[in-house]
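Asker: There's a structure below that I have some questions on.
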Amino acid sequence: MEERWVSGTDGTKIRAWSSGRASPPVLLCAGLGTPVEAWPSLTGPDASVRVHGWHYRGTFDSERPADEERIQLADHVGDALAVLDDAGVRRCVVVGWSLGVTVATELARLHPERVAGVMLIGGAPGAFFDDVLGVLGLPKPLSRVLARGGTQALRWAGPLLDAVAHRLPAHLLPGNEAFRVSAQRFLQHDWRWYWTLALALGDTGRQDLRALSCPVTVLAGRYDLLADPRGSWSATGPLPQARLRELPCSHFVPLEAPKVLADELDLLVERAEAVRDALDYADPRPLTPRSPESAYPGRP
């Protein structure tokens, strides 16, 4: 694991990290405030990709912006580009999970030249609050009211959550060791700030992905209370290069199905490489050498 400081567009110091082999590069737009430990199959010693990621503003070691309004979607996309630029990655596959899906899809929409493929896990592109509790059959307007109202209430209760969550012993947490380690780090957030970030990102409207031409993979949990799979299906199903897969998981796909995630990412990297090769074949100009870290993702 390598860590470094990266400056956001407004000068906010963002803690970026990289893990894994030399190539191919992948950008991870993680779930809001989730630690590196939440991705065992992508950051462990057997990972088949080079993952670049960062901690969102004010979480873990990343600074809180001087202007606390600078936590909108555009600010997170700017941080993602800063991470890519600092790592010398010109174009790569981008992975988003939970609210990170909104960041990943906005990056792909606004900067298609930087994104060779997109993997969306446990979330639809934007309108996050619309899909909360959707698997229980709640209509979207009611889901939106309950989810947004609940998030506002949790923000108000931030100091109380701090007093409880920061003292919760790790051995009382359920799940395997990877889940307990991830949960223990996650519980240490400043919860008023965390829910402030969630409100800002969650209020993003549904994003229009019709212009996306790169390969897309969607992994959705059948029992995901935070992201109804139907939100992902409706937004990505019509795309010509979309691959949709529903898993018998909850919201925590990276921890519940790490091997499936790694296998699907390998496949997406291969699909993105095939698109690159097809474009090279169709382009009459002479091919130019590419390094794996600076062009489309490819095998070393």
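Residue names in the structure tokens use chain letters A, B, ... in the order shown, residue numbers from 1 in each chain, and ligand numbers from 1 in the order shown.
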Got a sec: who's within 10 Å of Gly205 (chain A), counting only C-alpha atoms, leaving out chain neighbours fewer than 6 positions off, as a list in words?

Answerer: Thr102, Pro125, Gly126, Ala127, Phe128, Phe129 and Asp130 of chain A

Asker: Output N, CA, C and O atoms for every residue in the selection just made, as a tab-separated table (two decimals), in the first residue's frame.

Answerer:
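Output file result_37.tsv is given in full below:
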```
chain	number	residue	atom	x	y	z
A	102	THR	N	-22.23	7.38	-8.04
A	102	THR	CA	-22.55	8.71	-8.57
A	102	THR	C	-21.29	9.43	-9.04
A	102	THR	O	-21.29	10.08	-10.09
A	125	PRO	N	-26.86	5.43	-10.88
A	125	PRO	CA	-26.23	6.72	-11.16
A	125	PRO	C	-27.09	7.88	-10.68
A	125	PRO	O	-28.03	8.31	-11.34
A	126	GLY	N	-26.77	8.40	-9.52
A	126	GLY	CA	-27.51	9.52	-8.95
A	126	GLY	C	-28.82	9.09	-8.30
A	126	GLY	O	-29.19	7.92	-8.29
A	127	ALA	N	-29.52	10.08	-7.73
A	127	ALA	CA	-30.82	9.86	-7.08
A	127	ALA	C	-30.74	8.72	-6.06
A	127	ALA	O	-31.62	7.86	-6.01
A	128	PHE	N	-29.70	8.72	-5.25
A	128	PHE	CA	-29.46	7.62	-4.31
A	128	PHE	C	-30.65	7.41	-3.38
A	128	PHE	O	-31.04	6.27	-3.10
A	129	PHE	N	-31.24	8.49	-2.88
A	129	PHE	CA	-32.32	8.36	-1.91
A	129	PHE	C	-33.56	7.69	-2.50
A	129	PHE	O	-34.37	7.11	-1.77
A	130	ASP	N	-33.73	7.75	-3.83
A	130	ASP	CA	-34.90	7.16	-4.46
A	130	ASP	C	-34.95	5.64	-4.33
A	130	ASP	O	-36.04	5.05	-4.37
```

Asker: When you look at Ala116 (chain A) with a cut-off of 8 Å (counting only C-alpha atoms), what residues show up, excluding the ones that are within fewer than 3 positions of it in the same chain? I need them as a list of chain:residue names.

Answerer: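 So, after excluding close chain neighbours, the residues are A:Arg91, A:Cys92, A:Val93, A:Val94, A:Pro112, A:Glu113, A:Cys214, A:Pro215, A:Ala272, A:Tyr296, A:Pro297.
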
Asker: Output N, CA and C atoms for every residue in the selection just made, as a PDB file, in the first residue's frame.

Answerer:
```pdb
ATOM      1  N   ARG A  91      -5.965   6.998 -18.799  1.00  0.00           N
ATOM      2  CA  ARG A  91      -7.261   6.376 -19.083  1.00  0.00           C
ATOM      3  C   ARG A  91      -7.299   5.019 -18.402  1.00  0.00           C
ATOM      4  N   CYS A  92      -8.422   4.684 -17.775  1.00  0.00           N
ATOM      5  CA  CYS A  92      -8.495   3.406 -17.067  1.00  0.00           C
ATOM      6  C   CYS A  92      -9.944   3.034 -16.801  1.00  0.00           C
ATOM      7  N   VAL A  93     -10.141   1.825 -16.316  1.00  0.00           N
ATOM      8  CA  VAL A  93     -11.444   1.385 -15.827  1.00  0.00           C
ATOM      9  C   VAL A  93     -11.710   2.056 -14.478  1.00  0.00           C
ATOM     10  N   VAL A  94     -12.959   2.452 -14.255  1.00  0.00           N
ATOM     11  CA  VAL A  94     -13.358   3.120 -13.017  1.00  0.00           C
ATOM     12  C   VAL A  94     -14.418   2.283 -12.319  1.00  0.00           C
ATOM     13  N   PRO A 112     -15.137  11.332 -20.759  1.00  0.00           N
ATOM     14  CA  PRO A 112     -15.079   9.993 -21.367  1.00  0.00           C
ATOM     15  C   PRO A 112     -13.692   9.628 -21.867  1.00  0.00           C
ATOM     16  N   GLU A 113     -12.864  10.627 -22.141  1.00  0.00           N
ATOM     17  CA  GLU A 113     -11.502  10.338 -22.606  1.00  0.00           C
ATOM     18  C   GLU A 113     -10.630   9.731 -21.508  1.00  0.00           C
ATOM     19  N   CYS A 214     -18.507   3.272 -23.480  1.00  0.00           N
ATOM     20  CA  CYS A 214     -17.525   2.315 -22.967  1.00  0.00           C
ATOM     21  C   CYS A 214     -18.236   1.113 -22.356  1.00  0.00           C
ATOM     22  N   PRO A 215     -17.543  -0.018 -22.167  1.00  0.00           N
ATOM     23  CA  PRO A 215     -18.153  -1.172 -21.497  1.00  0.00           C
ATOM     24  C   PRO A 215     -18.573  -0.825 -20.065  1.00  0.00           C
ATOM     25  N   ALA A 272     -12.632  -3.742 -22.044  1.00  0.00           N
ATOM     26  CA  ALA A 272     -12.128  -2.405 -22.364  1.00  0.00           C
ATOM     27  C   ALA A 272     -10.919  -2.491 -23.287  1.00  0.00           C
ATOM     28  N   TYR A 296      -5.199   3.047 -22.186  1.00  0.00           N
ATOM     29  CA  TYR A 296      -6.279   2.137 -21.832  1.00  0.00           C
ATOM     30  C   TYR A 296      -5.731   1.024 -20.946  1.00  0.00           C
ATOM     31  N   PRO A 297      -6.559   0.414 -20.128  1.00  0.00           N
ATOM     32  CA  PRO A 297      -6.052  -0.696 -19.326  1.00  0.00           C
ATOM     33  C   PRO A 297      -5.679  -1.859 -20.219  1.00  0.00           C
TER      34      PRO A 297
END
```

Asker: Determine which residues of region 146-287 of chain A receive a DSSP assignment of alpha helix (DSSP H), computed from the backbone, and state them as a VMD selection string.

Answerer: chain A and resid 146 to 156 158 to 165 177 to 186 191 to 202 229 to 236 253 to 256 258 to 282

Asker: Find the residues around region 55-70 of chain A up to 12 Å (only C-alpha atoms counted), leave out those fewer than 2 positions away in its own chain, and share them as a compact mmCIF listing (two decimals) with all heavy atoms, in the first residue's frame.

Answerer:
```
# COMPACT_ATOMS: atom_id res chain seq x y z
N GLU A 3 0.73 5.50 0.00
CA GLU A 3 -0.13 6.65 0.26
C GLU A 3 0.61 7.93 -0.08
O GLU A 3 1.83 8.01 0.04
CB GLU A 3 -0.57 6.66 1.73
CG GLU A 3 -1.47 5.49 2.10
CD GLU A 3 -2.01 5.62 3.51
OE1 GLU A 3 -1.27 5.26 4.45
OE2 GLU A 3 -3.14 6.09 3.67
N ARG A 4 -0.16 8.95 -0.46
CA ARG A 4 0.45 10.23 -0.83
C ARG A 4 -0.62 11.32 -0.71
O ARG A 4 -1.81 11.03 -0.64
CB ARG A 4 0.99 10.16 -2.25
CG ARG A 4 -0.08 9.88 -3.29
CD ARG A 4 0.50 9.50 -4.63
NE ARG A 4 -0.53 9.31 -5.64
CZ ARG A 4 -1.22 8.19 -5.79
NH1 ARG A 4 -1.01 7.15 -4.98
NH2 ARG A 4 -2.14 8.08 -6.74
N TRP A 5 -0.16 12.56 -0.70
CA TRP A 5 -1.06 13.70 -0.65
C TRP A 5 -1.29 14.23 -2.06
O TRP A 5 -0.36 14.32 -2.86
CB TRP A 5 -0.50 14.82 0.21
CG TRP A 5 -0.46 14.49 1.67
CD1 TRP A 5 0.65 14.19 2.42
CD2 TRP A 5 -1.58 14.42 2.55
NE1 TRP A 5 0.29 13.93 3.72
CE2 TRP A 5 -1.08 14.06 3.83
CE3 TRP A 5 -2.94 14.60 2.41
CZ2 TRP A 5 -1.89 13.90 4.94
CZ3 TRP A 5 -3.77 14.44 3.50
CH2 TRP A 5 -3.24 14.09 4.76
N VAL A 6 -2.54 14.55 -2.35
CA VAL A 6 -2.93 15.13 -3.64
C VAL A 6 -3.76 16.38 -3.36
O VAL A 6 -4.57 16.39 -2.43
CB VAL A 6 -3.76 14.12 -4.47
CG1 VAL A 6 -4.28 14.76 -5.73
CG2 VAL A 6 -2.92 12.89 -4.81
N SER A 7 -3.56 17.41 -4.14
CA SER A 7 -4.32 18.65 -3.96
C SER A 7 -5.56 18.65 -4.83
O SER A 7 -5.47 18.42 -6.05
CB SER A 7 -3.46 19.87 -4.30
OG SER A 7 -2.42 20.03 -3.36
N GLY A 8 -6.72 18.90 -4.20
CA GLY A 8 -7.95 19.05 -4.96
C GLY A 8 -7.95 20.37 -5.71
O GLY A 8 -7.04 21.20 -5.56
N THR A 9 -8.99 20.61 -6.49
CA THR A 9 -9.04 21.83 -7.31
C THR A 9 -9.07 23.09 -6.46
O THR A 9 -8.67 24.16 -6.92
CB THR A 9 -10.28 21.80 -8.23
OG1 THR A 9 -11.45 21.57 -7.43
CG2 THR A 9 -10.16 20.68 -9.25
N ASP A 10 -9.55 22.99 -5.23
CA ASP A 10 -9.61 24.15 -4.34
C ASP A 10 -8.46 24.17 -3.34
O ASP A 10 -8.46 24.96 -2.40
CB ASP A 10 -10.94 24.18 -3.59
CG ASP A 10 -11.14 22.94 -2.73
OD1 ASP A 10 -10.43 21.93 -2.95
OD2 ASP A 10 -12.02 22.96 -1.84
N GLY A 11 -7.48 23.28 -3.52
CA GLY A 11 -6.34 23.23 -2.62
C GLY A 11 -6.50 22.31 -1.43
O GLY A 11 -5.56 22.15 -0.65
N THR A 12 -7.65 21.68 -1.27
CA THR A 12 -7.86 20.75 -0.17
C THR A 12 -6.92 19.56 -0.32
O THR A 12 -6.80 18.98 -1.40
CB THR A 12 -9.32 20.25 -0.15
OG1 THR A 12 -10.20 21.37 0.03
CG2 THR A 12 -9.54 19.26 1.00
N LYS A 13 -6.25 19.20 0.77
CA LYS A 13 -5.30 18.09 0.72
C LYS A 13 -6.06 16.76 0.86
O LYS A 13 -6.71 16.50 1.87
CB LYS A 13 -4.27 18.21 1.84
CG LYS A 13 -3.37 19.42 1.70
CD LYS A 13 -2.56 19.36 0.40
CE LYS A 13 -1.61 20.54 0.28
NZ LYS A 13 -0.89 20.52 -1.02
N ILE A 14 -5.97 15.95 -0.19
CA ILE A 14 -6.66 14.67 -0.25
C ILE A 14 -5.64 13.55 -0.07
O ILE A 14 -4.57 13.56 -0.69
CB ILE A 14 -7.38 14.51 -1.61
CG1 ILE A 14 -8.36 15.66 -1.83
CG2 ILE A 14 -8.10 13.16 -1.68
CD1 ILE A 14 -9.45 15.77 -0.80
N ARG A 15 -5.98 12.57 0.77
CA ARG A 15 -5.09 11.43 0.98
C ARG A 15 -5.42 10.36 -0.06
O ARG A 15 -6.51 9.76 -0.04
CB ARG A 15 -5.27 10.86 2.38
CG ARG A 15 -4.17 9.88 2.79
CD ARG A 15 -2.82 10.56 2.85
NE ARG A 15 -1.82 9.71 3.50
CZ ARG A 15 -0.53 9.99 3.52
NH1 ARG A 15 -0.08 11.10 2.94
NH2 ARG A 15 0.32 9.18 4.14
N ALA A 16 -4.51 10.16 -0.99
CA ALA A 16 -4.68 9.16 -2.05
C ALA A 16 -3.86 7.93 -1.72
O ALA A 16 -2.91 7.98 -0.93
CB ALA A 16 -4.26 9.74 -3.39
N TRP A 17 -4.22 6.81 -2.32
CA TRP A 17 -3.49 5.57 -2.08
C TRP A 17 -3.49 4.72 -3.35
O TRP A 17 -4.33 4.88 -4.22
CB TRP A 17 -4.10 4.79 -0.91
CG TRP A 17 -5.58 4.47 -1.07
CD1 TRP A 17 -6.63 5.23 -0.63
CD2 TRP A 17 -6.14 3.33 -1.72
NE1 TRP A 17 -7.82 4.63 -0.97
CE2 TRP A 17 -7.56 3.46 -1.63
CE3 TRP A 17 -5.60 2.21 -2.35
CZ2 TRP A 17 -8.43 2.52 -2.16
CZ3 TRP A 17 -6.47 1.28 -2.89
CH2 TRP A 17 -7.86 1.42 -2.80
N SER A 18 -2.51 3.83 -3.41
CA SER A 18 -2.41 2.88 -4.53
C SER A 18 -2.03 1.53 -3.96
O SER A 18 -1.30 1.43 -2.97
CB SER A 18 -1.36 3.33 -5.54
OG SER A 18 -1.68 4.60 -6.08
N LEU A 28 -10.71 3.57 -8.12
CA LEU A 28 -11.78 3.15 -7.23
C LEU A 28 -12.45 4.36 -6.60
O LEU A 28 -11.82 5.13 -5.87
CB LEU A 28 -11.21 2.24 -6.14
CG LEU A 28 -12.18 1.80 -5.05
CD1 LEU A 28 -13.36 1.02 -5.64
CD2 LEU A 28 -11.46 0.96 -4.00
N CYS A 29 -13.73 4.55 -6.91
CA CYS A 29 -14.56 5.55 -6.24
C CYS A 29 -15.34 4.78 -5.18
O CYS A 29 -16.43 4.26 -5.45
CB CYS A 29 -15.51 6.23 -7.21
SG CYS A 29 -14.69 7.00 -8.64
N ALA A 30 -14.77 4.67 -4.00
CA ALA A 30 -15.32 3.80 -2.97
C ALA A 30 -16.62 4.35 -2.41
O ALA A 30 -17.01 5.49 -2.68
CB ALA A 30 -14.30 3.62 -1.85
N GLY A 31 -17.28 3.53 -1.60
CA GLY A 31 -18.44 4.02 -0.87
C GLY A 31 -18.00 5.12 0.08
O GLY A 31 -16.85 5.17 0.52
N LEU A 32 -18.89 6.01 0.41
CA LEU A 32 -18.56 7.17 1.23
C LEU A 32 -17.97 6.73 2.57
O LEU A 32 -18.62 6.05 3.36
CB LEU A 32 -19.82 8.00 1.45
CG LEU A 32 -19.64 9.32 2.20
CD1 LEU A 32 -18.69 10.23 1.44
CD2 LEU A 32 -20.99 10.00 2.38
N GLY A 33 -16.71 7.11 2.80
CA GLY A 33 -16.09 6.83 4.08
C GLY A 33 -15.69 5.40 4.32
O GLY A 33 -15.37 5.03 5.46
N THR A 34 -15.67 4.56 3.28
CA THR A 34 -15.27 3.16 3.50
C THR A 34 -13.75 3.04 3.41
O THR A 34 -13.12 3.66 2.57
CB THR A 34 -15.92 2.23 2.46
OG1 THR A 34 -15.65 2.71 1.15
CG2 THR A 34 -17.42 2.17 2.68
N PRO A 35 -13.16 2.22 4.29
CA PRO A 35 -11.71 2.09 4.31
C PRO A 35 -11.21 1.15 3.23
O PRO A 35 -11.98 0.43 2.59
CB PRO A 35 -11.44 1.51 5.70
CG PRO A 35 -12.66 0.69 6.00
CD PRO A 35 -13.80 1.46 5.37
N VAL A 36 -9.90 1.15 3.03
CA VAL A 36 -9.28 0.28 2.04
C VAL A 36 -9.57 -1.18 2.34
O VAL A 36 -9.71 -2.01 1.42
CB VAL A 36 -7.76 0.54 2.01
CG1 VAL A 36 -7.06 -0.43 1.06
CG2 VAL A 36 -7.47 1.98 1.61
N HIS A 52 -6.04 2.57 -7.71
CA HIS A 52 -5.78 3.92 -7.20
C HIS A 52 -7.08 4.43 -6.57
O HIS A 52 -8.16 4.33 -7.18
CB HIS A 52 -5.36 4.85 -8.33
CG HIS A 52 -4.15 4.39 -9.07
ND1 HIS A 52 -2.87 4.58 -8.60
CD2 HIS A 52 -4.03 3.71 -10.24
CE1 HIS A 52 -2.00 4.07 -9.45
NE2 HIS A 52 -2.68 3.52 -10.47
N GLY A 53 -6.99 4.96 -5.37
CA GLY A 53 -8.17 5.48 -4.70
C GLY A 53 -7.82 6.66 -3.81
O GLY A 53 -6.67 7.11 -3.76
N GLN A 72 -19.64 19.08 -3.08
CA GLN A 72 -20.62 18.71 -4.09
C GLN A 72 -20.00 17.69 -5.05
O GLN A 72 -18.80 17.41 -5.02
CB GLN A 72 -21.08 19.96 -4.85
CG GLN A 72 -21.62 21.06 -3.95
CD GLN A 72 -22.76 20.58 -3.06
OE1 GLN A 72 -23.69 19.92 -3.51
NE2 GLN A 72 -22.70 20.92 -1.77
N LEU A 73 -20.83 17.15 -5.92
CA LEU A 73 -20.38 16.13 -6.85
C LEU A 73 -19.19 16.60 -7.68
O LEU A 73 -18.22 15.85 -7.88
CB LEU A 73 -21.53 15.71 -7.77
CG LEU A 73 -21.22 14.66 -8.83
CD1 LEU A 73 -20.66 13.40 -8.20
CD2 LEU A 73 -22.48 14.35 -9.64
N ALA A 74 -19.22 17.85 -8.14
CA ALA A 74 -18.12 18.37 -8.95
C ALA A 74 -16.79 18.36 -8.20
O ALA A 74 -15.72 18.14 -8.79
CB ALA A 74 -18.44 19.79 -9.42
N ASP A 75 -16.84 18.58 -6.89
CA ASP A 75 -15.62 18.58 -6.09
C ASP A 75 -15.03 17.18 -6.00
O ASP A 75 -13.81 16.99 -6.08
CB ASP A 75 -15.91 19.12 -4.69
CG ASP A 75 -16.44 20.55 -4.71
OD1 ASP A 75 -15.75 21.41 -5.29
OD2 ASP A 75 -17.53 20.79 -4.18
N HIS A 76 -15.89 16.16 -5.83
CA HIS A 76 -15.40 14.79 -5.76
C HIS A 76 -14.85 14.32 -7.11
O HIS A 76 -13.84 13.60 -7.15
CB HIS A 76 -16.52 13.86 -5.29
CG HIS A 76 -17.06 14.22 -3.94
ND1 HIS A 76 -16.26 14.30 -2.82
CD2 HIS A 76 -18.31 14.51 -3.52
CE1 HIS A 76 -17.01 14.62 -1.77
NE2 HIS A 76 -18.25 14.75 -2.18
N VAL A 77 -15.49 14.73 -8.19
CA VAL A 77 -14.97 14.39 -9.52
C VAL A 77 -13.61 15.05 -9.74
O VAL A 77 -12.69 14.44 -10.28
CB VAL A 77 -15.97 14.80 -10.61
CG1 VAL A 77 -15.35 14.66 -12.01
CG2 VAL A 77 -17.23 13.95 -10.53
N GLY A 78 -13.48 16.29 -9.28
CA GLY A 78 -12.19 16.97 -9.37
C GLY A 78 -11.11 16.24 -8.59
O GLY A 78 -9.96 16.13 -9.04
N ASP A 79 -11.47 15.71 -7.42
CA ASP A 79 -10.50 14.94 -6.63
C ASP A 79 -10.11 13.66 -7.36
O ASP A 79 -8.94 13.26 -7.35
CB ASP A 79 -11.09 14.61 -5.26
CG ASP A 79 -11.29 15.84 -4.38
OD1 ASP A 79 -10.67 16.89 -4.68
OD2 ASP A 79 -12.06 15.76 -3.41
N ALA A 80 -11.08 13.01 -8.00
CA ALA A 80 -10.79 11.79 -8.75
C ALA A 80 -9.81 12.07 -9.88
O ALA A 80 -8.86 11.31 -10.10
CB ALA A 80 -12.09 11.20 -9.31
N VAL A 83 -6.33 12.52 -8.53
CA VAL A 83 -5.70 11.24 -8.20
C VAL A 83 -5.14 10.58 -9.45
O VAL A 83 -4.00 10.07 -9.46
CB VAL A 83 -6.71 10.31 -7.49
CG1 VAL A 83 -6.15 8.90 -7.34
CG2 VAL A 83 -7.09 10.87 -6.12
N LEU A 99 -22.56 5.32 -2.85
CA LEU A 99 -22.57 6.70 -3.34
C LEU A 99 -21.41 6.98 -4.28
O LEU A 99 -21.46 7.94 -5.06
CB LEU A 99 -22.54 7.67 -2.15
CG LEU A 99 -23.89 7.94 -1.49
CD1 LEU A 99 -23.71 8.63 -0.15
CD2 LEU A 99 -24.79 8.77 -2.39
N GLY A 100 -20.38 6.15 -4.25
CA GLY A 100 -19.28 6.30 -5.19
C GLY A 100 -19.70 6.03 -6.63
O GLY A 100 -19.01 6.44 -7.56
N VAL A 103 -20.21 9.31 -8.29
CA VAL A 103 -18.94 9.94 -8.67
C VAL A 103 -18.37 9.27 -9.92
O VAL A 103 -17.93 9.95 -10.86
CB VAL A 103 -17.93 9.87 -7.51
CG1 VAL A 103 -16.62 10.52 -7.91
CG2 VAL A 103 -18.50 10.53 -6.26
N ARG A 185 -12.94 0.63 11.58
CA ARG A 185 -12.41 1.89 11.05
C ARG A 185 -13.54 2.82 10.63
O ARG A 185 -13.48 4.03 10.86
CB ARG A 185 -11.50 1.62 9.86
CG ARG A 185 -10.17 0.95 10.22
CD ARG A 185 -9.16 1.17 9.11
NE ARG A 185 -8.81 2.58 8.98
CZ ARG A 185 -8.24 3.11 7.90
NH1 ARG A 185 -7.98 2.36 6.84
NH2 ARG A 185 -7.95 4.39 7.86
N PHE A 186 -14.57 2.26 10.02
CA PHE A 186 -15.70 3.05 9.56
C PHE A 186 -16.40 3.76 10.71
O PHE A 186 -16.83 4.92 10.59
CB PHE A 186 -16.68 2.14 8.81
CG PHE A 186 -17.89 2.83 8.27
CD1 PHE A 186 -17.80 3.64 7.15
CD2 PHE A 186 -19.12 2.67 8.87
CE1 PHE A 186 -18.93 4.27 6.64
CE2 PHE A 186 -20.25 3.29 8.38
CZ PHE A 186 -20.15 4.10 7.25
N LEU A 187 -16.48 3.10 11.86
CA LEU A 187 -17.19 3.67 13.01
C LEU A 187 -16.49 4.87 13.62
O LEU A 187 -17.08 5.57 14.44
CB LEU A 187 -17.40 2.59 14.07
CG LEU A 187 -18.40 1.48 13.72
CD1 LEU A 187 -18.36 0.38 14.79
CD2 LEU A 187 -19.81 2.04 13.59
N GLN A 188 -15.25 5.13 13.24
CA GLN A 188 -14.50 6.23 13.85
C GLN A 188 -14.74 7.58 13.18
O GLN A 188 -14.12 8.58 13.56
CB GLN A 188 -13.00 5.90 13.82
CG GLN A 188 -12.63 4.61 14.53
CD GLN A 188 -13.20 4.54 15.94
OE1 GLN A 188 -12.99 5.45 16.76
NE2 GLN A 188 -13.92 3.46 16.23
N HIS A 189 -15.63 7.65 12.22
CA HIS A 189 -15.89 8.92 11.53
C HIS A 189 -16.48 9.97 12.46
O HIS A 189 -17.09 9.66 13.49
CB HIS A 189 -16.87 8.69 10.37
CG HIS A 189 -16.26 8.05 9.16
ND1 HIS A 189 -15.18 8.58 8.49
CD2 HIS A 189 -16.58 6.91 8.50
CE1 HIS A 189 -14.86 7.80 7.48
NE2 HIS A 189 -15.70 6.78 7.47
N ASP A 190 -16.31 11.22 12.05
CA ASP A 190 -17.08 12.33 12.62
C ASP A 190 -18.45 12.24 11.96
O ASP A 190 -18.61 12.57 10.79
CB ASP A 190 -16.39 13.65 12.28
CG ASP A 190 -17.20 14.87 12.72
OD1 ASP A 190 -18.43 14.76 12.91
OD2 ASP A 190 -16.60 15.95 12.86
N TRP A 191 -19.43 11.78 12.72
CA TRP A 191 -20.69 11.39 12.10
C TRP A 191 -21.52 12.58 11.62
O TRP A 191 -22.28 12.46 10.67
CB TRP A 191 -21.49 10.49 13.03
CG TRP A 191 -20.84 9.14 13.06
CD1 TRP A 191 -20.04 8.62 14.04
CD2 TRP A 191 -20.86 8.17 12.01
NE1 TRP A 191 -19.56 7.39 13.66
CE2 TRP A 191 -20.05 7.09 12.43
CE3 TRP A 191 -21.48 8.11 10.78
CZ2 TRP A 191 -19.86 5.96 11.64
CZ3 TRP A 191 -21.29 6.98 9.98
CH2 TRP A 191 -20.49 5.93 10.42
N ARG A 192 -21.41 13.70 12.24
CA ARG A 192 -22.13 14.87 11.70
C ARG A 192 -21.57 15.23 10.32
O ARG A 192 -22.33 15.52 9.39
CB ARG A 192 -22.03 16.05 12.66
CG ARG A 192 -22.65 17.34 12.08
CD ARG A 192 -22.90 18.37 13.15
NE ARG A 192 -24.02 17.99 14.00
CZ ARG A 192 -24.47 18.72 15.00
NH1 ARG A 192 -23.89 19.88 15.29
NH2 ARG A 192 -25.49 18.33 15.73
N TRP A 193 -20.26 15.19 10.19
CA TRP A 193 -19.65 15.50 8.89
C TRP A 193 -19.99 14.41 7.87
O TRP A 193 -20.28 14.70 6.71
CB TRP A 193 -18.14 15.65 9.04
CG TRP A 193 -17.45 15.92 7.75
CD1 TRP A 193 -16.64 15.08 7.04
CD2 TRP A 193 -17.52 17.13 6.98
NE1 TRP A 193 -16.19 15.69 5.89
CE2 TRP A 193 -16.71 16.95 5.83
CE3 TRP A 193 -18.17 18.35 7.17
CZ2 TRP A 193 -16.55 17.95 4.87
CZ3 TRP A 193 -18.01 19.35 6.21
CH2 TRP A 193 -17.21 19.13 5.07
N TYR A 194 -19.96 13.15 8.30
CA TYR A 194 -20.26 12.05 7.39
C TYR A 194 -21.65 12.21 6.77
O TYR A 194 -21.81 12.10 5.55
CB TYR A 194 -20.17 10.72 8.14
CG TYR A 194 -20.51 9.53 7.26
CD1 TYR A 194 -19.53 8.90 6.52
CD2 TYR A 194 -21.82 9.05 7.17
CE1 TYR A 194 -19.84 7.82 5.69
CE2 TYR A 194 -22.13 7.98 6.36
CZ TYR A 194 -21.14 7.37 5.62
OH TYR A 194 -21.45 6.32 4.81
N TRP A 195 -22.64 12.48 7.59
CA TRP A 195 -24.00 12.60 7.07
C TRP A 195 -24.18 13.89 6.27
O TRP A 195 -25.04 13.96 5.39
CB TRP A 195 -25.02 12.51 8.20
CG TRP A 195 -24.99 11.16 8.86
CD1 TRP A 195 -24.66 10.89 10.15
CD2 TRP A 195 -25.30 9.89 8.26
NE1 TRP A 195 -24.72 9.54 10.39
CE2 TRP A 195 -25.12 8.90 9.26
CE3 TRP A 195 -25.70 9.50 6.99
CZ2 TRP A 195 -25.33 7.54 9.01
CZ3 TRP A 195 -25.90 8.15 6.74
CH2 TRP A 195 -25.72 7.19 7.73
N THR A 196 -23.35 14.90 6.55
CA THR A 196 -23.35 16.11 5.71
C THR A 196 -22.88 15.76 4.30
O THR A 196 -23.47 16.20 3.30
CB THR A 196 -22.44 17.19 6.33
OG1 THR A 196 -22.93 17.52 7.63
CG2 THR A 196 -22.42 18.44 5.46
N LEU A 197 -21.81 14.97 4.20
CA LEU A 197 -21.33 14.51 2.90
C LEU A 197 -22.40 13.68 2.19
O LEU A 197 -22.62 13.82 0.98
CB LEU A 197 -20.07 13.66 3.08
CG LEU A 197 -18.78 14.36 3.53
CD1 LEU A 197 -17.72 13.32 3.85
CD2 LEU A 197 -18.28 15.31 2.46
N ALA A 198 -23.06 12.80 2.95
CA ALA A 198 -24.07 11.92 2.35
C ALA A 198 -25.24 12.72 1.79
O ALA A 198 -25.76 12.41 0.72
CB ALA A 198 -24.56 10.92 3.39
N LEU A 199 -25.65 13.75 2.51
CA LEU A 199 -26.75 14.59 2.02
C LEU A 199 -26.37 15.29 0.71
O LEU A 199 -27.16 15.35 -0.23
CB LEU A 199 -27.14 15.62 3.06
CG LEU A 199 -28.03 15.13 4.20
CD1 LEU A 199 -28.12 16.19 5.30
CD2 LEU A 199 -29.44 14.80 3.69
N ALA A 200 -25.15 15.81 0.66
CA ALA A 200 -24.72 16.54 -0.53
C ALA A 200 -24.67 15.63 -1.75
O ALA A 200 -25.13 16.01 -2.84
CB ALA A 200 -23.36 17.18 -0.28
N LEU A 201 -24.13 14.42 -1.60
CA LEU A 201 -24.05 13.50 -2.73
C LEU A 201 -25.40 12.87 -3.04
O LEU A 201 -25.77 12.66 -4.19
CB LEU A 201 -23.03 12.40 -2.44
CG LEU A 201 -21.62 12.58 -3.00
CD1 LEU A 201 -20.74 11.40 -2.63
CD2 LEU A 201 -21.64 12.78 -4.50
```

Asker: Where does DSSP see strand (DSSP E) in region 109-300 of chain A, if you list the residues as a PyMOL selection string?

Answerer: chain A and resi 115-121+216-221+242-247

Asker: Contacts between region 231-244 of chain A and region 35-127 of chain A, please, where a residue of region 35-127 of chain A counts if it comes within 12 Å (with only C-alpha atoms); show its shortest atom pair and distance in Å to one decimal, rows by chain and ascending number, as CSV.

Answerer:
```
residue,atom,partner,partner_atom,distance
A:Trp97,CA,A:Ser232,CA,11.9
A:Ser98,CA,A:Ser232,CA,11.1
A:Val101,CA,A:Ser232,CA,10.0
A:Thr102,CA,A:Ser232,CA,11.3
A:Thr105,CA,A:Thr236,CA,10.7
A:Ala116,CA,A:Gln241,CA,11.9
A:Gly117,CA,A:Gln241,CA,9.6
A:Val118,CA,A:Ala242,CA,9.4
A:Met119,CA,A:Arg243,CA,9.3
A:Leu120,CA,A:Ser232,CA,8.3
A:Ile121,CA,A:Ser232,CA,9.0
A:Gly122,CA,A:Ser232,CA,8.3
A:Gly123,CA,A:Ser232,CA,6.4
A:Ala124,CA,A:Ser232,CA,4.4
A:Pro125,CA,A:Ala235,CA,7.2
A:Gly126,CA,A:Gly231,CA,9.5
A:Ala127,CA,A:Gly231,CA,9.0
```
